[in-house]
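Below is upload28.txt, holding compact mmCIF, C-alpha atoms.
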```txt
# COMPACT_ATOMS: atom_id res chain seq x y z
CA MET N 1 3.77 -5.26 9.93
CA LEU N 2 1.05 -7.87 10.32
CA VAL N 3 -2.37 -7.33 8.77
CA VAL N 4 -5.60 -9.30 8.51
CA HIS N 5 -7.74 -9.84 5.42
CA TRP N 6 -11.36 -10.89 5.97
CA SER N 7 -13.17 -13.28 3.64
CA PRO N 8 -16.34 -15.42 3.90
CA VAL N 9 -15.76 -18.71 5.71
CA ASN N 10 -16.68 -20.75 2.63
CA ASN N 11 -13.65 -19.24 0.82
CA SER N 12 -11.21 -20.51 3.45
CA LYS N 13 -10.11 -23.77 1.83
CA HIS N 14 -9.53 -22.03 -1.49
CA ILE N 15 -7.51 -19.25 0.17
CA LEU N 16 -5.35 -21.66 2.18
CA LYS N 17 -4.59 -23.57 -1.01
CA ASN N 18 -4.33 -20.77 -3.58
CA GLY N 19 -3.71 -17.62 -1.54
CA ILE N 20 -5.59 -14.33 -1.30
CA ARG N 21 -6.47 -13.07 -4.76
CA LYS N 22 -6.71 -9.35 -5.29
CA SER N 23 -9.90 -7.61 -6.34
CA PRO N 24 -9.76 -4.97 -9.10
CA ASN N 25 -8.64 -2.47 -6.43
CA GLY N 26 -6.22 -4.83 -4.69
CA ILE N 27 -6.15 -6.63 -1.33
CA TYR N 28 -8.17 -5.01 1.46
CA CYS N 29 -6.63 -5.59 4.88
CA TYR N 30 -6.36 -4.06 8.33
CA PRO N 31 -3.52 -3.64 10.86
CA VAL N 32 -3.25 -6.33 13.55
CA THR N 33 -3.03 -4.65 16.95
CA GLY N 34 -3.54 -7.52 19.40
CA HIS N 35 -6.75 -5.91 20.67
CA ARG N 36 -9.38 -8.57 20.07
CA SER N 37 -12.31 -6.21 19.55
CA LEU N 38 -10.41 -3.89 17.20
CA ASP N 39 -8.87 -6.72 15.18
CA ARG N 40 -12.38 -8.07 14.62
CA TRP N 41 -13.94 -4.66 13.90
CA TRP N 42 -14.04 -5.16 10.14
CA MET N 43 -15.40 -8.69 10.46
CA LYS N 44 -18.43 -7.23 12.22
CA ALA N 45 -18.60 -4.25 9.86
CA LEU N 46 -18.64 -6.45 6.75
CA LYS N 47 -21.48 -8.54 8.16
CA ARG N 48 -23.39 -5.36 8.98
CA PHE N 49 -22.78 -3.58 5.68
CA ARG N 50 -23.21 -6.51 3.31
CA LYS N 51 -26.19 -8.09 5.08
CA ASP N 52 -25.58 -11.38 3.27
CA GLY N 53 -25.74 -13.58 6.36
CA LYS N 54 -22.17 -14.81 5.86
CA SER N 55 -19.54 -15.36 8.56
CA TYR N 56 -15.96 -14.25 7.96
CA ASN N 57 -12.54 -15.70 8.73
CA GLY N 58 -9.50 -13.45 9.05
CA PHE N 59 -6.23 -14.35 7.32
CA ILE N 60 -3.13 -12.86 8.91
CA PHE N 61 0.01 -12.23 6.88
CA LYS N 62 3.03 -9.96 6.98
CA VAL N 63 3.16 -7.02 4.58
CA GLU N 64 6.28 -6.92 2.41
CA GLU N 65 7.73 -4.29 0.11
CA GLN N 66 6.61 -6.31 -2.91
CA ASP N 67 2.96 -5.79 -1.89
CA LEU N 68 3.21 -2.03 -2.40
CA PRO N 69 2.21 0.57 -3.48
CA ALA N 70 -0.66 0.81 -1.03
CA TYR N 71 -3.52 2.96 0.14
CA TYR N 72 -3.91 3.67 3.84
CA GLY N 73 -6.73 5.73 5.29
CA HIS N 74 -10.44 5.96 5.99
CA PHE N 75 -12.64 3.56 4.07
CA ILE N 76 -14.92 6.32 2.73
CA GLY N 77 -13.85 6.98 -0.85
CA ALA N 78 -11.81 3.78 -0.96
CA THR N 79 -14.39 1.00 -1.13
CA THR N 80 -14.52 -1.74 -3.76
CA ARG N 81 -16.76 0.56 -5.82
CA ASP N 82 -14.34 3.50 -5.80
CA LYS N 83 -11.31 4.45 -7.84
CA PHE N 84 -8.46 5.78 -5.74
CA GLU N 85 -4.70 6.23 -5.69
CA LYS N 86 -2.16 4.12 -3.77
CA PRO N 87 0.46 6.73 -2.84
CA ILE N 88 2.41 4.73 -0.22
CA LYS N 89 5.56 3.29 -1.78
CA SER N 90 7.48 1.78 1.16
CA LEU N 91 6.92 -0.08 4.42
CA SER N 92 8.58 2.72 6.37
CA GLU N 93 6.15 5.21 4.87
CA LEU N 94 3.21 2.95 5.73
CA GLY N 95 4.45 2.60 9.30
CA GLN N 96 4.84 6.36 9.59
CA GLU N 97 1.29 6.94 8.36
CA LEU N 98 -0.07 4.54 10.98
CA GLN N 99 1.98 6.21 13.68
CA ASN N 100 0.82 9.66 12.62
CA THR N 101 -2.81 8.52 12.86
CA VAL N 102 -2.26 7.57 16.50
CA ILE N 103 -0.34 10.78 17.28
CA TRP N 104 -3.02 12.91 15.58
CA ARG N 105 -5.69 11.41 17.83
CA ILE N 106 -3.51 11.97 20.88
CA GLY N 107 -3.32 15.63 19.88
CA GLU N 108 -7.08 15.74 19.38
CA ARG N 109 -7.64 14.35 22.88
CA VAL N 110 -5.21 16.91 24.32
CA SER N 111 -7.23 19.68 22.68
CA TRP N 112 -10.43 18.37 24.28
CA SER N 113 -8.94 18.79 27.73
CA ALA N 114 -7.35 22.17 26.99
CA ALA N 115 -8.98 25.44 28.02
CA GLY N 116 -9.20 26.72 24.45
CA ILE N 117 -11.76 25.57 21.89
CA PRO N 118 -10.29 23.58 18.96
CA THR N 119 -10.80 25.01 15.48
CA ASN N 120 -10.41 23.63 11.97
CA GLU N 121 -6.92 25.13 11.98
CA THR N 122 -5.79 23.24 15.10
CA ASP N 123 -2.67 21.18 14.31
CA TYR N 124 -3.48 17.96 16.16
CA LEU N 125 -0.36 16.20 14.89
CA LYS N 126 1.82 18.94 16.35
CA LEU N 127 -0.11 18.86 19.63
CA GLY N 128 0.27 15.09 19.82
CA ARG N 129 4.01 15.22 19.21
CA GLU N 130 4.44 17.93 21.83
CA GLU N 131 2.51 15.89 24.39
CA ILE N 132 4.56 12.77 23.65
CA PHE N 133 7.76 14.82 24.00
CA LYS N 134 6.59 15.84 27.48
CA ARG N 135 5.37 12.33 28.34
CA PRO N 136 7.33 9.74 26.31
CA GLU N 137 5.34 6.87 27.85
CA LEU N 138 2.08 8.28 26.45
CA TYR N 139 2.47 6.71 23.02
CA LYS N 140 2.86 3.20 24.40
CA GLU N 141 0.03 3.77 26.86
CA THR N 142 -2.18 4.76 23.93
CA LEU N 143 -1.29 1.60 22.00
CA ASN N 144 -2.38 -0.48 25.00
CA ASP N 145 -5.66 1.40 25.46
CA ALA N 146 -8.08 -0.91 23.63
CA ALA N 147 -11.05 1.46 23.66
CA PHE N 148 -9.07 4.46 22.43
CA MET N 149 -7.30 2.41 19.75
CA GLU N 150 -10.67 1.25 18.45
CA TYR N 151 -11.71 4.90 18.20
CA ILE N 152 -8.45 5.70 16.38
CA LEU N 153 -8.31 2.88 13.84
CA GLY N 154 -11.83 1.45 13.63
CA ASP N 155 -12.64 2.99 10.22
CA TYR N 156 -9.17 2.68 8.70
CA GLN N 157 -7.90 0.18 6.16
CA ILE N 158 -4.93 -0.74 3.99
CA VAL N 159 -5.30 -1.67 0.32
CA LEU N 160 -2.32 -3.50 -1.16
CA THR N 161 -1.56 -3.95 -4.85
CA LYS N 162 -0.75 -7.64 -5.33
CA SER N 163 -2.20 -11.04 -4.47
CA ILE N 164 -0.79 -12.92 -1.47
CA ASN N 165 0.56 -16.47 -1.85
CA SER N 166 -0.88 -19.10 0.48
CA ASN N 167 2.52 -19.82 2.07
CA ARG N 168 2.53 -16.29 3.49
CA ILE N 169 -0.61 -16.83 5.57
CA ILE N 170 0.51 -17.10 9.19
CA ARG N 171 -2.73 -17.55 11.07
CA VAL N 172 -6.47 -17.60 10.71
CA ILE N 173 -8.86 -15.77 13.02
CA PRO N 174 -11.93 -18.03 13.14
CA ALA N 175 -15.35 -16.43 12.93
CA ASN N 176 -16.37 -17.33 16.48
CA GLU N 177 -13.15 -17.77 18.46
CA GLU N 178 -10.08 -15.84 19.51
CA PHE N 179 -6.91 -15.96 17.42
CA GLY N 180 -6.74 -19.43 15.90
CA ARG N 181 -3.75 -21.26 14.52
CA VAL N 182 -3.70 -22.90 11.13
CA LEU N 183 -1.47 -25.98 11.06
CA TYR N 184 0.07 -26.94 7.74
CA LYS N 185 1.74 -30.25 6.96
CA ASN N 186 5.52 -30.01 7.38
CA LYS N 187 5.28 -26.31 8.23
CA LYS N 188 6.58 -24.90 11.49
CA GLN N 189 4.78 -22.12 13.30
CA LYS N 190 6.67 -18.95 12.41
CA TYR N 191 5.33 -16.66 15.11
CA SER N 192 5.13 -17.37 18.83
CA GLU N 193 2.14 -16.50 21.00
CA GLY N 194 4.03 -13.43 22.21
CA GLU N 195 4.08 -11.94 18.72
CA LEU N 196 0.43 -10.85 18.99
CA LYS N 197 0.73 -8.76 22.13
CA GLU N 198 -1.24 -5.55 22.34
CA GLY N 199 0.41 -2.64 20.59
CA LYS N 200 3.19 -4.82 19.15
CA TYR N 201 3.05 -3.42 15.63
CA PHE N 202 2.85 0.29 16.32
CA GLY N 203 5.97 0.77 18.42
```
Spit out the file's structure as structure tokens when you get a sec.
Amino acid sequence: MLVVHWSPVNNSKHILKNGIRKSPNGIYCYPVTGHRSLDRWWMKALKRFRKDGKSYNGFIFKVEEQDLPAYYGHFIGATTRDKFEKPIKSLSELGQELQNTVIWRIGERVSWSAAGIPTNETDYLKLGREEIFKRPELYKETLNDAAFMEYILGDYQIVLTKSINSNRIIRVIPANEEFGRVLYKNKKQKYSEGELKEGKYFG
């Protein structure tokens, strides 16, 4: 799974040399989806929330088992000021949590179009799974729906436990351009352009 960590532009040289250093809570990062607007959602949110006038670069790296345990969920209650648990112990569990978030929202959308009125007891995850069983292509269609994916994941984040070495940084998303490529001396590009296709990491 690829994720992006956002940091002020003036930290970029330090990060590319020394890696991403964890805060007291860990490393805050966000799933890479290939949808430009969604992948930059937190860059815009940080500028809006912090109001410090800074621009942010995004540093893409691949999550590994050694980075866990992790927190995955809504940012409320899991900011840098909060104390919270990191219950996710494996990459497969993290992937399942991400998938369930998408399926839950599919179920929610199904309930909107149903004749009945949803209640607090409505099992959206069950509804989503039932709809995908009837229409197997629906899950992939959802992953490729940029607007709906932004609604699904816009407020969500991952918080990892350990710092990330600089040699694990694959790409940088510049503050004012589309996905950029960081070229290192004597280092081959590990991931082709096709690796960042929409929906690639939620299949």
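Nearest-residue note for Thr161 in chain N: choosing from N:Asn57, N:Ser92, N:Gln66, N:Asn18, the minimum distance belongs to N:Gln66, counting only C-alpha atoms.
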- Tell me which protein, DNA and RNA residues are within 6 Å of Val4 in chain N, counting all atoms listed in the file, leaving out same-chain ones fewer than 5 positions away, and put them as a list in words. Cys29, Tyr30, Gly58, Phe59 and Ile60 of chain N
Can you write out the residues you just picked, keeping C-alpha atoms, as a PDB file, in the coordinates of the input?
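Result written to again-v6.pdb:
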```pdb
ATOM      1  CA  CYS N  29      -6.630  -5.590   4.880  1.00  0.00           C
ATOM      2  CA  TYR N  30      -6.360  -4.060   8.330  1.00  0.00           C
ATOM      3  CA  GLY N  58      -9.500 -13.450   9.050  1.00  0.00           C
ATOM      4  CA  PHE N  59      -6.230 -14.350   7.320  1.00  0.00           C
ATOM      5  CA  ILE N  60      -3.130 -12.860   8.910  1.00  0.00           C
TER       6      ILE N  60
END
```
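Taking CA of Glu108 in chain N as the reference point, CA of Tyr124 in chain N is found at 5.3 Å.
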- Task: Report the distance between CA of Ile15 in chain N and CA of Glu65 in chain N in Å, rounded to one decimal place.
- Result: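 About the pair CA of Ile15 in chain N and CA of Glu65 in chain N: they are 21.4 Å apart.
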- Query: Counting all atoms listed in the file, which of N:Val102, N:Leu2, N:Val172, N:Leu125 gets nearest to Val32 in chain N?
  - Reply: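 Of N:Val102, N:Leu2, N:Val172, N:Leu125, the one nearest Val32 in chain N is N:Leu2, counting all atoms listed in the file.
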- Nearby residues (all atoms listed in the file) at most 7 Å from Ile27 in chain N, same-chain spacing under 3 positions excluded, as a ChimeraX atom specification: /N:22-23,159-163
- Query: In Å, with one decimal, what is the gap from CA of Gly154 in chain N to CA of Val3 in chain N?
  - Reply: 13.8 Å
- Task: Tell me which of N:Ser55, N:Ile132, N:Arg36, N:Met43 sits closest to Asn11 in chain N, counting all atoms listed in the file.
- Result: N:Ser55
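Every protein or nucleic acid residue with an atom no more than 12 Å from Tyr151 in chain N, counting only C-alpha atoms and leaving out same-chain residues fewer than 6 positions away, appears here: Ser37, Leu38, Trp41, Thr101, Val102, Arg105, Ile106, Glu108, Arg109, Thr142, Leu143 and Asp145 of chain N.
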Take the residues that were just selected and, keeping C-alpha atoms, output them as a PDB file, in the coordinates of the input.
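Result went into out36.pdb, see below:
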```
ATOM      1  CA  SER N  37     -12.310  -6.210  19.550  1.00  0.00           C
ATOM      2  CA  LEU N  38     -10.410  -3.890  17.200  1.00  0.00           C
ATOM      3  CA  TRP N  41     -13.940  -4.660  13.900  1.00  0.00           C
ATOM      4  CA  THR N 101      -2.810   8.520  12.860  1.00  0.00           C
ATOM      5  CA  VAL N 102      -2.260   7.570  16.500  1.00  0.00           C
ATOM      6  CA  ARG N 105      -5.690  11.410  17.830  1.00  0.00           C
ATOM      7  CA  ILE N 106      -3.510  11.970  20.880  1.00  0.00           C
ATOM      8  CA  GLU N 108      -7.080  15.740  19.380  1.00  0.00           C
ATOM      9  CA  ARG N 109      -7.640  14.350  22.880  1.00  0.00           C
ATOM     10  CA  THR N 142      -2.180   4.760  23.930  1.00  0.00           C
ATOM     11  CA  LEU N 143      -1.290   1.600  22.000  1.00  0.00           C
ATOM     12  CA  ASP N 145      -5.660   1.400  25.460  1.00  0.00           C
TER      13      ASP N 145
END
```
- Note on the structure: Closest of N:Tyr139, N:Tyr71, N:Trp104, N:Phe61 to Asp123 in chain N, counting only C-alpha atoms, is N:Trp104
- Message: Given only C-alpha atoms as the basis, pick out the residue of N:Lys86, N:His5, N:His35, N:Lys126 nearest to Arg21 in chain N.
- Response: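 Under the stated criterion, the closest residue is N:His5.
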- Name all residues at most 9 Å from Asn25 in chain N (count all atoms listed in the file; drop same-chain ones fewer than 4 positions away) and give them as a ChimeraX atom specification. /N:78-84,159-161
- Item | Residues near range 72-75 of chain N, cut-off 6 Å, all atoms listed in the file, skip fewer than 3 positions along chain, as a list in words |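 So the residues in contact are Ala78, Asp155, Tyr156, Gln157 and Ile158 of chain N.
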